[in-house]
Every structure is written in C-alpha cells, then in structure tokens.
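Here is the structure we will look at, set down as structure tokens.
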Amino acid sequence: MEKFTEKTQFSILYMGTPDISARLLSKLLNNGYNVIGVVCNPDKETGRKRVLTPCPVKQVALEHNIPVYSPVKIRLDHDFLSDISADLILTFSYGQIVPKAVLDFPKYGCLNLHGSLLPAYRGAAPMQRALLNGDKETGVTLMEMVEAMDAGRMYAKQIIPLTPEDNYTSLCAKMVEAAYRVFAENILPYMNGELPGAMQDESLVTIAKKIKPEEEKLDLSDTREHLFNKIRALSLTPGAYVYLEGKKLKILSAAIEEEAAGEVGSLRSDKKHLSVLVGDGYLGLTSVQLEGKKAMDIVSFLHGQHEITGKKLS
C-alpha cells in the first residue's frame, strides 16, 4: 500500500454550500490541497430582483477553475461521479443527505467535518443549538460519513471554548479555523490507515434540529438568560426579533441586567441605553435592526427614536 507523505499526493472531491464551507474551501486551496471538484447545492434566486446566484462554495470553485456539480437531489442524481477520479470526499456543511452510492465511490472513503463534539448535536444546527443552550464549549469532529445522520466513526476532535460574547457569526469564524486545523493535522494519518477512530456512544446522542422561522421570534416572557442565548444563537443572521409599533425589530446583541418584575415588554431608556423588561428582569439591547433599516448600535438607533420610554415591545 502506498504511503502518503504530502498533501498533494491525493485528490479531494469537496462537498459544501454556504459561506462557512466556502471559507474552509478557500483555506484548503490556499494551503495547497488538491481539490479536483466541488459538489454544492444549485444556484438560488436572491434579492428583490430574484437574481439567480451561485452559492458561496461555487463562487470559490469558479474563481479557482475547479469543476462544479450542483445536483438538485444528489440521492437521485450522482452520475457526474463518472467524470471524477477522486481519492477522498470531504464534506463540510453540504446540506443534503449523501446516498450510499456516493459514499462507496472514493477509494479512501468519505470524511465529514461536523460542527459539534459528537455524539452531541447530530443534525442540521449544531452551532446554533450549542449557543442556544448556553454551552461553555463546542467543537468540530472529523468523522466517517455513513448513511445514518452524523453517526459514523470519529477520527479526531478540536474543542472550541465559548464566551458570552460569542454569537453564531463569531462561532462560524472559529469553526472554520478549527475544522481546517483538525483536518490538516489528521488527514495524512487517516490516508495511511493509522487512525483507527472510535465509534460513537449512542446513549449520549443529542439532536440539533434545524432552526425554524418561528423560532426566530422572541417570547419576552422568557428568562433573561434564555433570551440572551437565543439572541446569540441567531446573530447576526437570521436575527432574533420582536415588534416595535408593528415593525419587526431584530435584536442582534444584548446584555443581561438586573432582576425585576413588571409589565413584560416595557422599555426604559436614556440617550445611550435601552432595555426591555422580560420574564425575570431587564435585558439591555446593545445593537438592533429595525425593519427597512440597517443594523446599528443602540446609541445610533435611539437618535432616530422619540419618547421611546414607556413604549412596549411585543
């Protein structure tokens, strides 16, 4: 069996779709990995004019003249594999269930970089759920791809500490760095059969379900801590929201303030500060985005508001 000593000795078919996946693809390419093809979701209509737009991963691939394959449903359409001779498939946030015919295709198997410390948070939204639950750490797992969702053998992990200042956007940036690190440190041992890996303990499995649109709306009767964590989990996108005088107000960052009782949703303010009374006290709003406006810090937002104290969020 040949021994791999350099990252250029094996070829990768990369599968991914959103921005976080595009950033990892860029790092792989910039660091000399031999990515010979990309599989991503099809172009989508975006913006008010509904312009057909390639996903971030496809944009990176096109910039590097890498062939792109965009099946609508890969479980039904994977004939494109006959055009490719890849040693390994690497997936990071692709967005579709990969069928057995694809998993069996490459000689050295299929690896996935999953955004949690498995077996915790299998599923579509591991990073958001970790933030939503107020976890103190999360991470990324380099794992074997199998037919069952995120159930394969684990080869390596990288822990990511979480701070109260972290939100989904900052965690995505940390996740890209951790994913690259755990891949780069372990791929040659894996290719050479030196990583035995470990099976997941099924008794410890938790599921990270996709964030539904209705979850983006804040219930102000909830606790300060839970609302604070939900805002972090949904910021900067899609953004947790409430309503101010019938307009959607996204709360992009917040701070836990003192315990208090009173009418939920009531606002108090001075020129530099705005807080709302929630289920068990005050939650300070530090950056927001009013419907039809740009995101702004709370001081800038208050410049455009008159007599906001006494108004209510709903």
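Going through the structure tokens in order, the chains are called A, B, and so on, while each chain numbers its residues from 1 and the ligands are numbered from 1 in the order shown.
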
Where does range 148-174 of chain A meet range 114-133 of chain A within 7 Å, residue by residue, with the nearest atom pair and distance in Å to one decimal for each, counting only C-alpha atoms, listed by chain and rising number, as JSON lines?
```
{"residue": "A:Met149", "atom": "CA", "partner": "A:Gly123", "partner_atom": "CA", "distance": 6.8}
{"residue": "A:Asp150", "atom": "CA", "partner": "A:Arg122", "partner_atom": "CA", "distance": 5.6}
{"residue": "A:Lys157", "atom": "CA", "partner": "A:Leu117", "partner_atom": "CA", "distance": 6.8}
{"residue": "A:Tyr168", "atom": "CA", "partner": "A:Gln128", "partner_atom": "CA", "distance": 6.3}
```

Sorted per-residue table, range 105-181 of chain A near range 186-204 of chain A, closest atoms and distance, 7 Å, only C-alpha atoms, as CSV:
```
residue,atom,partner,partner_atom,distance
A:Tyr108,CA,A:Met191,CA,6.8
A:Pro119,CA,A:Gln200,CA,5.9
A:Ala120,CA,A:Leu204,CA,6.8
A:Gly152,CA,A:Met199,CA,7.0
A:Arg153,CA,A:Met199,CA,4.7
A:Met154,CA,A:Ala198,CA,5.2
A:Tyr155,CA,A:Gly197,CA,4.2
```

Keeping only N, CA, C and O atoms, write the selected residues to a file as an mmCIF file, in the first residue's frame.
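Full text of out.cif as output:
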```cif
data_model
loop_
_atom_site.group_PDB
_atom_site.id
_atom_site.type_symbol
_atom_site.label_atom_id
_atom_site.label_comp_id
_atom_site.auth_asym_id
_atom_site.auth_seq_id
_atom_site.Cartn_x
_atom_site.Cartn_y
_atom_site.Cartn_z
ATOM 1 N N TYR A 108 -10.616 6.000 -0.691
ATOM 2 C CA TYR A 108 -10.251 6.238 0.708
ATOM 3 C C TYR A 108 -11.427 6.758 1.545
ATOM 4 O O TYR A 108 -11.238 7.296 2.629
ATOM 5 N N PRO A 119 -20.848 12.552 20.331
ATOM 6 C CA PRO A 119 -22.168 12.394 19.714
ATOM 7 C C PRO A 119 -23.197 13.481 20.051
ATOM 8 O O PRO A 119 -24.366 13.330 19.714
ATOM 9 N N ALA A 120 -22.768 14.553 20.692
ATOM 10 C CA ALA A 120 -23.695 15.657 20.964
ATOM 11 C C ALA A 120 -24.003 16.422 19.679
ATOM 12 O O ALA A 120 -23.131 16.610 18.830
ATOM 13 N N GLY A 152 -21.233 8.258 12.036
ATOM 14 C CA GLY A 152 -20.035 7.496 11.708
ATOM 15 C C GLY A 152 -18.958 7.515 12.771
ATOM 16 O O GLY A 152 -19.050 8.202 13.794
ATOM 17 N N ARG A 153 -17.921 6.770 12.499
ATOM 18 C CA ARG A 153 -16.752 6.677 13.374
ATOM 19 C C ARG A 153 -16.088 8.059 13.506
ATOM 20 O O ARG A 153 -16.003 8.814 12.541
ATOM 21 N N MET A 154 -15.606 8.370 14.706
ATOM 22 C CA MET A 154 -14.952 9.661 14.972
ATOM 23 C C MET A 154 -13.435 9.471 14.921
ATOM 24 O O MET A 154 -12.885 8.618 15.611
ATOM 25 N N TYR A 155 -12.765 10.314 14.130
ATOM 26 C CA TYR A 155 -11.316 10.202 13.988
ATOM 27 C C TYR A 155 -10.538 11.227 14.813
ATOM 28 O O TYR A 155 -9.443 10.935 15.294
#
```

What's around Pro71 in chain A at 8 Å? Count only C-alpha atoms, leave out sequence neighbours fewer than 6 positions away in its own chain, and write the answer as a compact mmCIF listing (two decimals) with all heavy atoms, in the first residue's frame.
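Produced file part_30.txt, reproduced below:
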```
# COMPACT_ATOMS: atom_id res chain seq x y z
N VAL A 39 -18.95 19.76 -5.15
CA VAL A 39 -20.38 19.46 -5.22
C VAL A 39 -21.09 20.41 -4.24
O VAL A 39 -20.71 20.50 -3.08
CB VAL A 39 -20.68 18.00 -4.84
CG1 VAL A 39 -22.18 17.72 -4.95
CG2 VAL A 39 -19.89 17.05 -5.72
N CYS A 40 -22.10 21.11 -4.75
CA CYS A 40 -22.82 22.08 -3.91
C CYS A 40 -24.29 22.11 -4.33
O CYS A 40 -24.67 21.49 -5.33
CB CYS A 40 -22.20 23.46 -4.02
SG CYS A 40 -22.18 24.12 -5.69
N ASN A 41 -25.09 22.83 -3.58
CA ASN A 41 -26.49 22.98 -3.95
C ASN A 41 -26.63 23.92 -5.16
O ASN A 41 -25.76 24.76 -5.40
CB ASN A 41 -27.29 23.52 -2.78
CG ASN A 41 -27.65 22.42 -1.79
OD1 ASN A 41 -27.60 21.23 -2.11
ND2 ASN A 41 -28.01 22.80 -0.58
N PRO A 42 -27.72 23.79 -5.92
CA PRO A 42 -27.89 24.61 -7.12
C PRO A 42 -28.01 26.10 -6.82
O PRO A 42 -28.27 26.51 -5.68
CB PRO A 42 -29.21 24.08 -7.71
CG PRO A 42 -29.39 22.73 -7.12
CD PRO A 42 -28.78 22.79 -5.75
N ASP A 77 -29.35 11.91 -8.36
CA ASP A 77 -28.52 12.40 -9.46
C ASP A 77 -27.06 12.44 -9.03
O ASP A 77 -26.59 13.42 -8.46
CB ASP A 77 -29.00 13.79 -9.89
CG ASP A 77 -28.14 14.39 -11.00
OD1 ASP A 77 -27.32 13.65 -11.59
OD2 ASP A 77 -28.27 15.61 -11.25
N HIS A 78 -26.34 11.35 -9.29
CA HIS A 78 -24.90 11.33 -8.98
C HIS A 78 -24.09 10.70 -10.12
O HIS A 78 -22.99 10.19 -9.92
CB HIS A 78 -24.62 10.62 -7.65
CG HIS A 78 -25.41 9.33 -7.48
ND1 HIS A 78 -26.57 9.28 -6.77
CD2 HIS A 78 -25.17 8.08 -7.95
CE1 HIS A 78 -27.03 8.03 -6.78
NE2 HIS A 78 -26.21 7.30 -7.49
```

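Each of A:Val182, A:Leu285, A:Val264, A:Cys110 was checked against Thr141 in chain A using only C-alpha atoms; the smallest atom-to-atom distance is that of A:Val182.
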
As a ChimeraX atom specification, please: every residue in range 54-257 of chain A that DSSP puts in alpha helix (DSSP H).
/A:56-63,100-103,126-132,168-191,224-233

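The smallest atom-to-atom distance between Val102 in chain A and any of A:Phe228, A:Phe183, A:Tyr241, A:Phe80, using only C-alpha atoms, is found for A:Phe80.
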
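Between CA of Asp43 in chain A and CA of Val176 in chain A there is a distance of 22.9 Å.
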
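Among the candidate residues A:Ile160, A:Ser26, A:Ala61, A:Val72, the one lying nearest to Lys44 in chain A is A:Val72, with distances computed using only C-alpha atoms.
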